[in-house]
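*Asks:* The structure that follows is given in the form of structure tokens.
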Amino acid sequence: MRIRLGIGVDVWRSGGIDPEAQAHYNRVIADGGIIPSGISGCNLWFKLVKAVYGVTNIATAISAGYDPHYLGCKIGAGSGTTLGQAATKLYSCSDASGDLVQATAASMPLLLVKYASDTNYWFGSGIIGNYCSTPNAAANQITGNIEFIVDISTSTWTPSVQSTIVGKWKDSGGSVYSYLLRIMADGSLRMLTSSSGVDVVDSQSTASVSLATNSKVYLKFVRQVNNGSGGNSTFFYTSTDRINWTQLGSTIINVGITSIFAGTAPLQIGANDTSGALNPLNAKIFRLTIANSIGGTPVVDFNPASYSAATSQTQWTSTTGEVWTINTGTPTTGYKGVLVDRTIVQSDGVDDSIYNATAITTKTSFTKYSAQKYWKNNAYFYSNSSLSFLAYTNGPGIPRMSASTEVVYGTNTYNTLQMFTANLGVSGLTLVNNLGGNSGDLSGTSGTGIYLFVGSTLASFMNSQMSCYIETIGAQVDNSIQRTAMYNAIKSFNNSAF
């Protein structure tokens, strides 16, 4: 298979490993880091970028390049939501002197890893407003036997408060209940159903799930609505392979209730209430299915593997027909729920950053490329020392680049991954997704180092997601052919999201 860059150069995926890619890969692994895309992904990244500039030594074109999926990252301790999934280092494609580091656990950005062999997953951040949803439909109005199977991992099986896995529990008219699944603070599982939309039948497992941080497990919740004895029975199970199941605790029997209410509430993953305001989930969900019979074929399939960033960054259609929407709410701090289809790094807008104060020598002309999405105003995407060559947003959330003066990128682009390009030289240029462009004076200053998600004074932290950052060597700003080729390359690294 080949990829055409738009500059008359075809790069083949096969044809051997680039020696610089192999050396970079070896360096990362020897340091205890990971490259989630493997040597093949690292090799592709080096070959594509080197083809853009027609070089055999990447350091003659790129001063620094960071891409946690293709170039590697190191997992740090983290704390809270980032426990066991924090970025303590991003590796530079040029050499070790350019690596970005964060040594303070509480300030390490969130690292959401997706290995080449993994399927996509949805990360629930545990923050209000972050959940996935699909509208009420006949398929999710299940009134009889019901079975849920969830492929999930979480940084803690003992959340501080009970957390919602999935629910059809409240519509716009108020408290109209059907069914709801939760993880409780002690690690037990809970199923709630209603037969009238008002009453609540509550079943909780008599044992708790006990697993290591970020361990993946399958959970099965079964409600036999009519157990033959004038009531219903609830069963909870766990599995490591989705084939062999172990019952969690005892069977729970409720007397007198033999149906589930066919409510009109939307079906929500990771929170309940129509605004996602109640019991948000901090976990990764790889798949969740609902069947209207025990052991039957799913009639609802929440499967992030069906998501395609090239089609939409906020929705996808499941194989069972329902359309899932990714909701992120309005807060400008805290981690966002996100569909992970490649390894990404996300900052919380409070104190997260990753930087190297001495990386990159002083230069006055070069080009920056950054694939990012953001949710905050008056904060920095990135900066060099002395707040030079910085990208940030102003009050209305308009991205802009500044050297001696500033040049705006255009309109605000909240909550969508975009590629920002900044040509820094006598005549500066800013572009979003290689379109349009505003010109201005982006010369007359210089700076060393690279700071991501913050200014070099370690203030004005951005609530942002970053997947790729590249800074060219600085001999001259890139021409339009190179910019287009880099856009195409970075777009391919990001599953054609923009």
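By order in the structure tokens, chains are A, B, ...; within a chain, residues start at 1; ligands start at 1, following the order shown.
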Near stretch 19-32 of chain A, within 10 Å and counting only C-alpha atoms, which residues show up once chain neighbours fewer than 2 positions away are dropped, as a PDB file with N, CA and C atoms, in the first residue's frame?

*Replies:*
ATOM      1  N   GLY A  16      11.163  -2.137   4.188  1.00  0.00           N
ATOM      2  CA  GLY A  16      12.212  -2.077   5.188  1.00  0.00           C
ATOM      3  C   GLY A  16      12.027  -0.971   6.197  1.00  0.00           C
ATOM      4  N   ILE A  17      12.788  -1.064   7.271  1.00  0.00           N
ATOM      5  CA  ILE A  17      12.707  -0.098   8.365  1.00  0.00           C
ATOM      6  C   ILE A  17      13.751   0.992   8.179  1.00  0.00           C
ATOM      7  N   ILE A  34       7.062   3.636  25.654  1.00  0.00           N
ATOM      8  CA  ILE A  34       6.283   2.799  24.743  1.00  0.00           C
ATOM      9  C   ILE A  34       6.039   3.561  23.445  1.00  0.00           C
ATOM     10  N   ILE A  35       5.910   2.834  22.349  1.00  0.00           N
ATOM     11  CA  ILE A  35       5.431   3.391  21.086  1.00  0.00           C
ATOM     12  C   ILE A  35       4.213   2.561  20.711  1.00  0.00           C
ATOM     13  N   GLY A  38       3.857   0.704  17.497  1.00  0.00           N
ATOM     14  CA  GLY A  38       4.890  -0.273  17.191  1.00  0.00           C
ATOM     15  C   GLY A  38       5.943   0.274  16.244  1.00  0.00           C
ATOM     16  N   ILE A  39       6.908  -0.555  15.907  1.00  0.00           N
ATOM     17  CA  ILE A  39       7.971  -0.128  15.006  1.00  0.00           C
ATOM     18  C   ILE A  39       7.419   0.208  13.622  1.00  0.00           C
ATOM     19  N   SER A  40       6.354  -0.474  13.195  1.00  0.00           N
ATOM     20  CA  SER A  40       5.799  -0.182  11.871  1.00  0.00           C
ATOM     21  C   SER A  40       5.212   1.219  11.818  1.00  0.00           C
ATOM     22  N   GLY A  41       4.519   1.643  12.896  1.00  0.00           N
ATOM     23  CA  GLY A  41       3.965   2.995  12.931  1.00  0.00           C
ATOM     24  C   GLY A  41       5.047   4.046  13.014  1.00  0.00           C
ATOM     25  N   CYS A  42       6.049   3.795  13.851  1.00  0.00           N
ATOM     26  CA  CYS A  42       7.180   4.718  13.966  1.00  0.00           C
ATOM     27  C   CYS A  42       7.885   4.864  12.620  1.00  0.00           C
ATOM     28  N   ASN A  43       8.081   3.756  11.937  1.00  0.00           N
ATOM     29  CA  ASN A  43       8.730   3.757  10.630  1.00  0.00           C
ATOM     30  C   ASN A  43       7.933   4.577   9.615  1.00  0.00           C
ATOM     31  N   LEU A  44       6.608   4.398   9.620  1.00  0.00           N
ATOM     32  CA  LEU A  44       5.765   5.156   8.702  1.00  0.00           C
ATOM     33  C   LEU A  44       5.886   6.649   8.967  1.00  0.00           C
ATOM     34  N   TRP A  45       5.871   7.058  10.237  1.00  0.00           N
ATOM     35  CA  TRP A  45       5.972   8.478  10.596  1.00  0.00           C
ATOM     36  C   TRP A  45       7.272   9.083  10.055  1.00  0.00           C
ATOM     37  N   PHE A  46       8.388   8.430  10.310  1.00  0.00           N
ATOM     38  CA  PHE A  46       9.675   8.933   9.835  1.00  0.00           C
ATOM     39  C   PHE A  46       9.706   9.018   8.317  1.00  0.00           C
ATOM     40  N   LYS A  47       9.221   7.987   7.648  1.00  0.00           N
ATOM     41  CA  LYS A  47       9.283   7.972   6.184  1.00  0.00           C
ATOM     42  C   LYS A  47       8.418   9.065   5.561  1.00  0.00           C
ATOM     43  N   THR A  56      17.346  12.600   4.131  1.00  0.00           N
ATOM     44  CA  THR A  56      17.652  11.279   4.684  1.00  0.00           C
ATOM     45  C   THR A  56      17.914  11.348   6.181  1.00  0.00           C
ATOM     46  N   ASN A  57      18.171  12.554   6.686  1.00  0.00           N
ATOM     47  CA  ASN A  57      18.396  12.775   8.115  1.00  0.00           C
ATOM     48  C   ASN A  57      17.292  13.696   8.620  1.00  0.00           C
ATOM     49  N   ILE A  58      16.394  13.184   9.463  1.00  0.00           N
ATOM     50  CA  ILE A  58      15.227  13.964   9.872  1.00  0.00           C
ATOM     51  C   ILE A  58      15.614  15.232  10.620  1.00  0.00           C
ATOM     52  N   ALA A  59      16.769  15.219  11.287  1.00  0.00           N
ATOM     53  CA  ALA A  59      17.217  16.385  12.055  1.00  0.00           C
ATOM     54  C   ALA A  59      17.614  17.562  11.171  1.00  0.00           C
ATOM     55  N   TYR A  70       2.868   7.549  17.558  1.00  0.00           N
ATOM     56  CA  TYR A  70       3.864   7.090  16.584  1.00  0.00           C
ATOM     57  C   TYR A  70       5.308   7.271  17.042  1.00  0.00           C
ATOM     58  N   LEU A  71       5.556   8.252  17.908  1.00  0.00           N
ATOM     59  CA  LEU A  71       6.931   8.530  18.350  1.00  0.00           C
ATOM     60  C   LEU A  71       7.168   8.137  19.803  1.00  0.00           C
ATOM     61  N   GLY A  72       6.109   7.913  20.554  1.00  0.00           N
ATOM     62  CA  GLY A  72       6.286   7.344  21.872  1.00  0.00           C
ATOM     63  C   GLY A  72       6.068   8.269  23.045  1.00  0.00           C
ATOM     64  N   CYS A  73       5.847   7.650  24.186  1.00  0.00           N
ATOM     65  CA  CYS A  73       5.568   8.338  25.436  1.00  0.00           C
ATOM     66  C   CYS A  73       5.989   7.419  26.577  1.00  0.00           C
ATOM     67  N   LYS A  74       6.065   7.993  27.759  1.00  0.00           N
ATOM     68  CA  LYS A  74       6.398   7.217  28.943  1.00  0.00           C
ATOM     69  C   LYS A  74       5.286   7.410  29.960  1.00  0.00           C
ATOM     70  N   ILE A  75       4.814   6.301  30.522  1.00  0.00           N
ATOM     71  CA  ILE A  75       3.696   6.356  31.466  1.00  0.00           C
ATOM     72  C   ILE A  75       4.212   6.744  32.844  1.00  0.00           C
ATOM     73  N   LEU A  90       7.237  12.829  26.626  1.00  0.00           N
ATOM     74  CA  LEU A  90       6.974  12.695  25.199  1.00  0.00           C
ATOM     75  C   LEU A  90       8.320  12.732  24.491  1.00  0.00           C
ATOM     76  N   TYR A  91       8.562  11.757  23.633  1.00  0.00           N
ATOM     77  CA  TYR A  91       9.872  11.623  22.997  1.00  0.00           C
ATOM     78  C   TYR A  91       9.942  12.413  21.696  1.00  0.00           C
ATOM     79  N   SER A  92      11.045  13.124  21.521  1.00  0.00           N
ATOM     80  CA  SER A  92      11.272  13.909  20.316  1.00  0.00           C
ATOM     81  C   SER A  92      11.866  13.040  19.221  1.00  0.00           C
ATOM     82  N   CYS A  93      11.467  13.292  17.981  1.00  0.00           N
ATOM     83  CA  CYS A  93      11.976  12.519  16.852  1.00  0.00           C
ATOM     84  C   CYS A  93      13.419  12.886  16.510  1.00  0.00           C
ATOM     85  N   SER A  94      13.903  14.030  17.018  1.00  0.00           N
ATOM     86  CA  SER A  94      15.256  14.469  16.648  1.00  0.00           C
ATOM     87  C   SER A  94      16.314  13.810  17.521  1.00  0.00           C
ATOM     88  N   ASP A  95      16.267  14.056  18.829  1.00  0.00           N
ATOM     89  CA  ASP A  95      17.182  13.388  19.753  1.00  0.00           C
ATOM     90  C   ASP A  95      16.689  13.593  21.178  1.00  0.00           C
ATOM     91  N   ALA A  96      17.352  12.938  22.124  1.00  0.00           N
ATOM     92  CA  ALA A  96      16.888  12.941  23.508  1.00  0.00           C
ATOM     93  C   ALA A  96      16.885  14.327  24.138  1.00  0.00           C
TER      94      ALA A  96
END

*Asks:* Leaving out stretch 243-248 of chain A and any residue of its chain fewer than 6 positions from it, which residues lie within 10 Å of it when counting only C-alpha atoms, given as a list in words?

*Replies:*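 That gives Ser188, Leu189, Ser205, Thr206, Ala207, Ser208, Val209, Tyr218, Leu219, Lys220, Phe221, Phe235, Phe236 and Tyr237 of chain A.
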
*Asks:* Could those selected residues go to a file with N, CA and C atoms, as a PDB file, in the first residue's frame?

*Replies:*
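Final file, part-v2.pdb:
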ATOM      1  N   SER A 188     -18.997  -3.140  44.301  1.00  0.00           N
ATOM      2  CA  SER A 188     -20.104  -4.025  43.944  1.00  0.00           C
ATOM      3  C   SER A 188     -20.840  -3.460  42.732  1.00  0.00           C
ATOM      4  N   LEU A 189     -21.672  -4.279  42.121  1.00  0.00           N
ATOM      5  CA  LEU A 189     -22.444  -3.878  40.945  1.00  0.00           C
ATOM      6  C   LEU A 189     -23.913  -3.744  41.334  1.00  0.00           C
ATOM      7  N   SER A 205     -25.041  -6.548  43.874  1.00  0.00           N
ATOM      8  CA  SER A 205     -24.283  -7.782  44.039  1.00  0.00           C
ATOM      9  C   SER A 205     -23.796  -7.917  45.479  1.00  0.00           C
ATOM     10  N   THR A 206     -23.741  -9.149  45.935  1.00  0.00           N
ATOM     11  CA  THR A 206     -23.300  -9.416  47.308  1.00  0.00           C
ATOM     12  C   THR A 206     -21.791  -9.569  47.404  1.00  0.00           C
ATOM     13  N   ALA A 207     -21.090  -9.410  46.279  1.00  0.00           N
ATOM     14  CA  ALA A 207     -19.625  -9.426  46.249  1.00  0.00           C
ATOM     15  C   ALA A 207     -19.149  -8.272  45.379  1.00  0.00           C
ATOM     16  N   SER A 208     -17.889  -7.899  45.518  1.00  0.00           N
ATOM     17  CA  SER A 208     -17.316  -6.766  44.789  1.00  0.00           C
ATOM     18  C   SER A 208     -16.326  -7.226  43.736  1.00  0.00           C
ATOM     19  N   VAL A 209     -16.208  -6.414  42.691  1.00  0.00           N
ATOM     20  CA  VAL A 209     -15.173  -6.643  41.688  1.00  0.00           C
ATOM     21  C   VAL A 209     -13.851  -6.184  42.290  1.00  0.00           C
ATOM     22  N   TYR A 218     -14.810  -8.237  31.542  1.00  0.00           N
ATOM     23  CA  TYR A 218     -16.175  -8.261  31.010  1.00  0.00           C
ATOM     24  C   TYR A 218     -17.136  -8.417  32.184  1.00  0.00           C
ATOM     25  N   LEU A 219     -18.170  -7.601  32.191  1.00  0.00           N
ATOM     26  CA  LEU A 219     -19.219  -7.690  33.203  1.00  0.00           C
ATOM     27  C   LEU A 219     -20.523  -8.078  32.517  1.00  0.00           C
ATOM     28  N   LYS A 220     -21.270  -8.957  33.152  1.00  0.00           N
ATOM     29  CA  LYS A 220     -22.590  -9.322  32.626  1.00  0.00           C
ATOM     30  C   LYS A 220     -23.641  -9.082  33.708  1.00  0.00           C
ATOM     31  N   PHE A 221     -24.702  -8.364  33.321  1.00  0.00           N
ATOM     32  CA  PHE A 221     -25.846  -8.103  34.190  1.00  0.00           C
ATOM     33  C   PHE A 221     -27.061  -8.777  33.538  1.00  0.00           C
ATOM     34  N   PHE A 235     -28.770 -11.526  38.151  1.00  0.00           N
ATOM     35  CA  PHE A 235     -27.492 -12.223  38.224  1.00  0.00           C
ATOM     36  C   PHE A 235     -26.382 -11.273  37.769  1.00  0.00           C
ATOM     37  N   PHE A 236     -25.235 -11.349  38.432  1.00  0.00           N
ATOM     38  CA  PHE A 236     -24.054 -10.572  38.050  1.00  0.00           C
ATOM     39  C   PHE A 236     -22.908 -11.551  37.774  1.00  0.00           C
ATOM     40  N   TYR A 237     -22.147 -11.290  36.703  1.00  0.00           N
ATOM     41  CA  TYR A 237     -21.054 -12.174  36.320  1.00  0.00           C
ATOM     42  C   TYR A 237     -19.825 -11.358  35.907  1.00  0.00           C
TER      43      TYR A 237
END

*Asks:* Using only C-alpha atoms, which protein or nucleic acid residues come within 7 Å of stretch 393-398 of chain A? Drop anything in the same chain fewer than 3 positions from it, and give the result as number ranges by chain.

*Replies:* A: 376-380, 410-412

*Asks:* Write a file of the just-selected residues containing C-alpha atoms, as a PDB file, in the first residue's frame.

*Replies:*
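Saved to selection14.pdb:
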ATOM      1  CA  LYS A 376     -10.822  26.889  27.075  1.00  0.00           C
ATOM      2  CA  ASN A 377     -10.276  30.628  26.478  1.00  0.00           C
ATOM      3  CA  ASN A 378      -7.375  32.838  27.534  1.00  0.00           C
ATOM      4  CA  ALA A 379      -4.867  30.004  27.733  1.00  0.00           C
ATOM      5  CA  TYR A 380      -1.810  28.697  25.855  1.00  0.00           C
ATOM      6  CA  GLY A 410     -10.010  32.399  12.181  1.00  0.00           C
ATOM      7  CA  THR A 411     -13.122  31.401  14.132  1.00  0.00           C
ATOM      8  CA  ASN A 412     -13.136  29.344  17.296  1.00  0.00           C
TER       9      ASN A 412
END

*Asks:* In Å, how far is it from atom CA of A:Thr328 to atom CA of A:Gly436?

*Replies:* 28.2 Å

*Asks:* Applying 8 Å and only C-alpha atoms, which residues near A:Phe420 remain after dropping the ones on its own chain fewer than 2 positions away? List them as a PyMOL selection string.

*Replies:* chain A and resi 368-372+409+418+422+430-434

*Asks:* Save out the residues we just selected, N, CA and C atoms, as a PDB file, in the first residue's frame.

*Replies:*
ATOM      1  N   LYS A 368       5.543  25.750  12.635  1.00  0.00           N
ATOM      2  CA  LYS A 368       4.989  24.869  13.659  1.00  0.00           C
ATOM      3  C   LYS A 368       3.726  24.207  13.109  1.00  0.00           C
ATOM      4  N   TYR A 369       3.573  22.921  13.417  1.00  0.00           N
ATOM      5  CA  TYR A 369       2.348  22.192  13.108  1.00  0.00           C
ATOM      6  C   TYR A 369       1.836  21.564  14.401  1.00  0.00           C
ATOM      7  N   SER A 370       0.529  21.663  14.626  1.00  0.00           N
ATOM      8  CA  SER A 370      -0.024  21.099  15.849  1.00  0.00           C
ATOM      9  C   SER A 370      -1.430  20.570  15.578  1.00  0.00           C
ATOM     10  N   ALA A 371      -1.667  19.295  15.902  1.00  0.00           N
ATOM     11  CA  ALA A 371      -3.007  18.721  15.820  1.00  0.00           C
ATOM     12  C   ALA A 371      -3.586  18.718  17.223  1.00  0.00           C
ATOM     13  N   GLN A 372      -4.600  19.568  17.465  1.00  0.00           N
ATOM     14  CA  GLN A 372      -5.139  19.741  18.806  1.00  0.00           C
ATOM     15  C   GLN A 372      -6.633  20.021  18.769  1.00  0.00           C
ATOM     16  N   TYR A 409      -6.107  32.802  13.734  1.00  0.00           N
ATOM     17  CA  TYR A 409      -6.334  31.656  12.866  1.00  0.00           C
ATOM     18  C   TYR A 409      -7.687  31.731  12.172  1.00  0.00           C
ATOM     19  N   GLN A 418      -8.280  19.772  15.172  1.00  0.00           N
ATOM     20  CA  GLN A 418      -7.911  20.554  13.992  1.00  0.00           C
ATOM     21  C   GLN A 418      -6.392  20.546  13.865  1.00  0.00           C
ATOM     22  N   ALA A 422       1.549  27.372  11.715  1.00  0.00           N
ATOM     23  CA  ALA A 422       2.052  28.736  11.880  1.00  0.00           C
ATOM     24  C   ALA A 422       3.401  28.853  11.197  1.00  0.00           C
ATOM     25  N   THR A 430      -0.880  32.024   9.376  1.00  0.00           N
ATOM     26  CA  THR A 430      -1.534  31.008  10.211  1.00  0.00           C
ATOM     27  C   THR A 430      -2.621  30.338   9.390  1.00  0.00           C
ATOM     28  N   LEU A 431      -2.748  29.023   9.562  1.00  0.00           N
ATOM     29  CA  LEU A 431      -3.730  28.235   8.824  1.00  0.00           C
ATOM     30  C   LEU A 431      -4.408  27.243   9.757  1.00  0.00           C
ATOM     31  N   VAL A 432      -5.683  26.969   9.517  1.00  0.00           N
ATOM     32  CA  VAL A 432      -6.389  25.876  10.169  1.00  0.00           C
ATOM     33  C   VAL A 432      -6.760  24.877   9.086  1.00  0.00           C
ATOM     34  N   ASN A 433      -6.277  23.639   9.236  1.00  0.00           N
ATOM     35  CA  ASN A 433      -6.544  22.583   8.258  1.00  0.00           C
ATOM     36  C   ASN A 433      -6.114  22.980   6.847  1.00  0.00           C
ATOM     37  N   ASN A 434      -5.043  23.749   6.760  1.00  0.00           N
ATOM     38  CA  ASN A 434      -4.461  24.142   5.478  1.00  0.00           C
ATOM     39  C   ASN A 434      -5.412  24.969   4.616  1.00  0.00           C
TER      40      ASN A 434
END

*Asks:* Can you list, as a PyMOL selection string, all residues belonging to stretch 101-189 of chain A that DSSP tags as strand (DSSP E or B)?

*Replies:* chain A and resi 101+110-112+121-125+131-134+146-153+163-168+171+174+179-183+188-189

*Asks:* Using the selection just defined, write its residues with C-alpha atoms as a PDB file, in the first residue's frame.

*Replies:*
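Output file selection-v4.pdb is given in full below:
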ATOM      1  CA  VAL A 101       9.118  15.875  30.624  1.00  0.00           C
ATOM      2  CA  LEU A 110      -3.713  12.362  30.955  1.00  0.00           C
ATOM      3  CA  LEU A 111      -2.312   9.684  28.631  1.00  0.00           C
ATOM      4  CA  LEU A 112      -4.899   7.610  26.775  1.00  0.00           C
ATOM      5  CA  TYR A 121     -12.652   2.777  23.185  1.00  0.00           C
ATOM      6  CA  TRP A 122     -14.595   5.562  24.843  1.00  0.00           C
ATOM      7  CA  PHE A 123     -12.968   7.147  27.874  1.00  0.00           C
ATOM      8  CA  GLY A 124     -15.341   8.475  30.503  1.00  0.00           C
ATOM      9  CA  SER A 125     -13.622  11.193  32.518  1.00  0.00           C
ATOM     10  CA  TYR A 131     -21.146  10.740  28.357  1.00  0.00           C
ATOM     11  CA  CYS A 132     -22.445   9.059  25.192  1.00  0.00           C
ATOM     12  CA  SER A 133     -26.100   8.871  24.242  1.00  0.00           C
ATOM     13  CA  THR A 134     -28.571   7.586  21.685  1.00  0.00           C
ATOM     14  CA  ILE A 146     -32.683  -8.200  29.592  1.00  0.00           C
ATOM     15  CA  GLU A 147     -28.935  -8.881  29.417  1.00  0.00           C
ATOM     16  CA  PHE A 148     -26.047  -6.409  29.403  1.00  0.00           C
ATOM     17  CA  ILE A 149     -22.422  -7.284  28.605  1.00  0.00           C
ATOM     18  CA  VAL A 150     -19.777  -4.599  29.187  1.00  0.00           C
ATOM     19  CA  ASP A 151     -16.092  -4.679  28.174  1.00  0.00           C
ATOM     20  CA  ILE A 152     -14.564  -2.168  30.611  1.00  0.00           C
ATOM     21  CA  SER A 153     -11.482  -1.070  32.510  1.00  0.00           C
ATOM     22  CA  SER A 163     -20.925   5.622  38.930  1.00  0.00           C
ATOM     23  CA  THR A 164     -23.285   4.944  36.037  1.00  0.00           C
ATOM     24  CA  ILE A 165     -22.309   2.448  33.341  1.00  0.00           C
ATOM     25  CA  VAL A 166     -25.505   2.664  31.290  1.00  0.00           C
ATOM     26  CA  GLY A 167     -29.019   3.855  31.915  1.00  0.00           C
ATOM     27  CA  LYS A 168     -32.397   4.659  30.422  1.00  0.00           C
ATOM     28  CA  ASP A 171     -36.409  11.854  30.285  1.00  0.00           C
ATOM     29  CA  GLY A 174     -38.706  14.311  34.895  1.00  0.00           C
ATOM     30  CA  TYR A 179     -33.234   0.487  33.784  1.00  0.00           C
ATOM     31  CA  LEU A 180     -29.856   1.550  35.144  1.00  0.00           C
ATOM     32  CA  LEU A 181     -26.484  -0.131  35.861  1.00  0.00           C
ATOM     33  CA  ARG A 182     -23.893   1.230  38.279  1.00  0.00           C
ATOM     34  CA  ILE A 183     -20.534   0.517  39.919  1.00  0.00           C
ATOM     35  CA  SER A 188     -20.104  -4.025  43.944  1.00  0.00           C
ATOM     36  CA  LEU A 189     -22.444  -3.878  40.945  1.00  0.00           C
TER      37      LEU A 189
END

*Asks:* Restricting the calculation to only C-alpha atoms, which member of A:Thr82, A:Asn423, A:Thr240, A:Ser178 is positioned closest to A:Lys216?

*Replies:* A:Thr240

*Asks:* Compile the contact shell of A:Leu429 as a PyMOL selection string: residues with an atom at most 12 Å away, counting only C-alpha atoms, same-chain residues fewer than 3 positions apart removed.

*Replies:* chain A and resi 365-369+400-403+405-410+420-426+432+434-443+477-480+483

*Asks:* Restricted to N, CA and C atoms, what would the selected residues look like written as a compact mmCIF listing (two decimals), in the first residue's frame?

*Replies:*
# COMPACT_ATOMS: atom_id res chain seq x y z
N SER A 365 13.00 31.95 12.23
CA SER A 365 12.10 31.54 11.15
C SER A 365 11.97 30.03 11.13
N PHE A 366 10.75 29.56 11.16
CA PHE A 366 10.47 28.12 11.14
C PHE A 366 8.96 27.95 11.03
N THR A 367 8.50 26.71 10.98
CA THR A 367 7.07 26.42 10.90
C THR A 367 6.68 25.46 12.00
N LYS A 368 5.54 25.75 12.63
CA LYS A 368 4.99 24.87 13.66
C LYS A 368 3.73 24.21 13.11
N TYR A 369 3.57 22.92 13.42
CA TYR A 369 2.35 22.19 13.11
C TYR A 369 1.84 21.56 14.40
N ARG A 400 -4.90 32.00 18.06
CA ARG A 400 -4.01 32.97 17.44
C ARG A 400 -2.56 32.63 17.76
N MET A 401 -1.67 33.16 16.90
CA MET A 401 -0.23 32.95 17.05
C MET A 401 0.43 34.29 17.26
N SER A 402 1.43 34.34 18.13
CA SER A 402 2.08 35.61 18.43
C SER A 402 3.59 35.47 18.44
N ALA A 403 4.26 36.44 17.82
CA ALA A 403 5.71 36.62 17.95
C ALA A 403 5.88 38.06 18.42
N THR A 405 4.06 40.42 16.98
CA THR A 405 2.63 40.78 16.92
C THR A 405 1.85 39.48 16.88
N GLU A 406 0.55 39.56 16.68
CA GLU A 406 -0.24 38.34 16.64
C GLU A 406 -0.99 38.22 15.33
N VAL A 407 -1.25 36.99 14.93
CA VAL A 407 -2.06 36.69 13.74
C VAL A 407 -3.11 35.68 14.15
N VAL A 408 -4.37 35.96 13.86
CA VAL A 408 -5.44 35.06 14.26
C VAL A 408 -5.57 33.92 13.26
N TYR A 409 -6.11 32.80 13.73
CA TYR A 409 -6.33 31.66 12.87
C TYR A 409 -7.69 31.73 12.17
N GLY A 410 -8.68 32.36 12.78
CA GLY A 410 -10.01 32.40 12.18
C GLY A 410 -11.05 32.37 13.28
N PHE A 420 -3.37 23.07 13.28
CA PHE A 420 -2.96 24.47 13.24
C PHE A 420 -1.55 24.56 12.67
N THR A 421 -1.37 25.44 11.71
CA THR A 421 -0.06 25.68 11.10
C THR A 421 0.32 27.13 11.31
N ALA A 422 1.55 27.37 11.71
CA ALA A 422 2.05 28.74 11.88
C ALA A 422 3.40 28.85 11.20
N ASN A 423 3.47 29.68 10.15
CA ASN A 423 4.74 30.04 9.53
C ASN A 423 5.29 31.26 10.25
N LEU A 424 6.47 31.14 10.81
CA LEU A 424 7.07 32.24 11.55
C LEU A 424 8.28 32.76 10.79
N GLY A 425 8.19 33.99 10.34
CA GLY A 425 9.27 34.62 9.60
C GLY A 425 8.93 36.07 9.37
N VAL A 426 9.58 36.70 8.41
CA VAL A 426 9.32 38.12 8.14
C VAL A 426 7.85 38.33 7.80
N VAL A 432 -5.68 26.97 9.52
CA VAL A 432 -6.39 25.88 10.17
C VAL A 432 -6.76 24.88 9.09
N ASN A 434 -5.04 23.75 6.76
CA ASN A 434 -4.46 24.14 5.48
C ASN A 434 -5.41 24.97 4.62
N LEU A 435 -6.38 25.63 5.25
CA LEU A 435 -7.36 26.42 4.52
C LEU A 435 -7.25 27.89 4.89
N GLY A 436 -7.69 28.74 3.97
CA GLY A 436 -7.73 30.18 4.24
C GLY A 436 -6.36 30.70 4.60
N GLY A 437 -6.26 31.27 5.78
CA GLY A 437 -4.98 31.77 6.24
C GLY A 437 -4.97 33.26 6.43
N ASN A 438 -4.39 33.70 7.54
CA ASN A 438 -4.23 35.11 7.83
C ASN A 438 -2.75 35.43 7.91
N SER A 439 -2.36 36.53 7.27
CA SER A 439 -0.96 36.94 7.23
C SER A 439 -0.71 38.08 8.19
N GLY A 440 0.55 38.21 8.61
CA GLY A 440 0.94 39.29 9.50
C GLY A 440 2.40 39.17 9.86
N ASP A 441 2.87 40.08 10.68
CA ASP A 441 4.28 40.09 11.09
C ASP A 441 4.48 39.12 12.25
N LEU A 442 5.11 37.99 11.95
CA LEU A 442 5.43 37.02 12.99
C LEU A 442 6.95 36.86 13.11
N SER A 443 7.64 37.96 13.00
CA SER A 443 9.11 37.95 13.11
C SER A 443 9.54 38.88 14.24
N VAL A 477 10.89 29.31 6.39
CA VAL A 477 9.53 28.84 6.62
C VAL A 477 9.13 27.94 5.47
N ASP A 478 8.24 26.99 5.76
CA ASP A 478 7.82 26.04 4.73
C ASP A 478 7.00 26.73 3.65
N ASN A 479 7.18 26.29 2.41
CA ASN A 479 6.38 26.82 1.32
C ASN A 479 5.04 26.10 1.26
N SER A 480 4.17 26.53 0.35
CA SER A 480 2.82 25.99 0.31
C SER A 480 2.80 24.51 -0.04
N ARG A 483 3.71 22.69 3.17
CA ARG A 483 2.63 22.79 4.14
C ARG A 483 1.49 21.83 3.79

*Asks:* A:Met108: which residues within 10 Å, counting only C-alpha atoms, same-chain residues fewer than 4 positions away excluded, as a list of chain:residue names?

*Replies:*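 My reading of the contact set: A:Ile75, A:Gly76, A:Ala77, A:Gly78, A:Ser79, A:Thr82, A:Leu83, A:Gln85, A:Ala86, A:Ala87, A:Thr88, A:Lys89, A:Val101, A:Gln102, A:Ala103, A:Thr104, A:Val345, A:Gln346, A:Ser347, A:Asp348, A:Asp351, A:Asp352, A:Ser353, A:Ile354.
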
*Asks:* Which is closest to A:Val454 among A:Gly98, A:Ala391, A:Thr238, A:Glu471, if we use only C-alpha atoms?

*Replies:*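 Ranking A:Gly98, A:Ala391, A:Thr238, A:Glu471 by distance to A:Val454, first place goes to A:Ala391.
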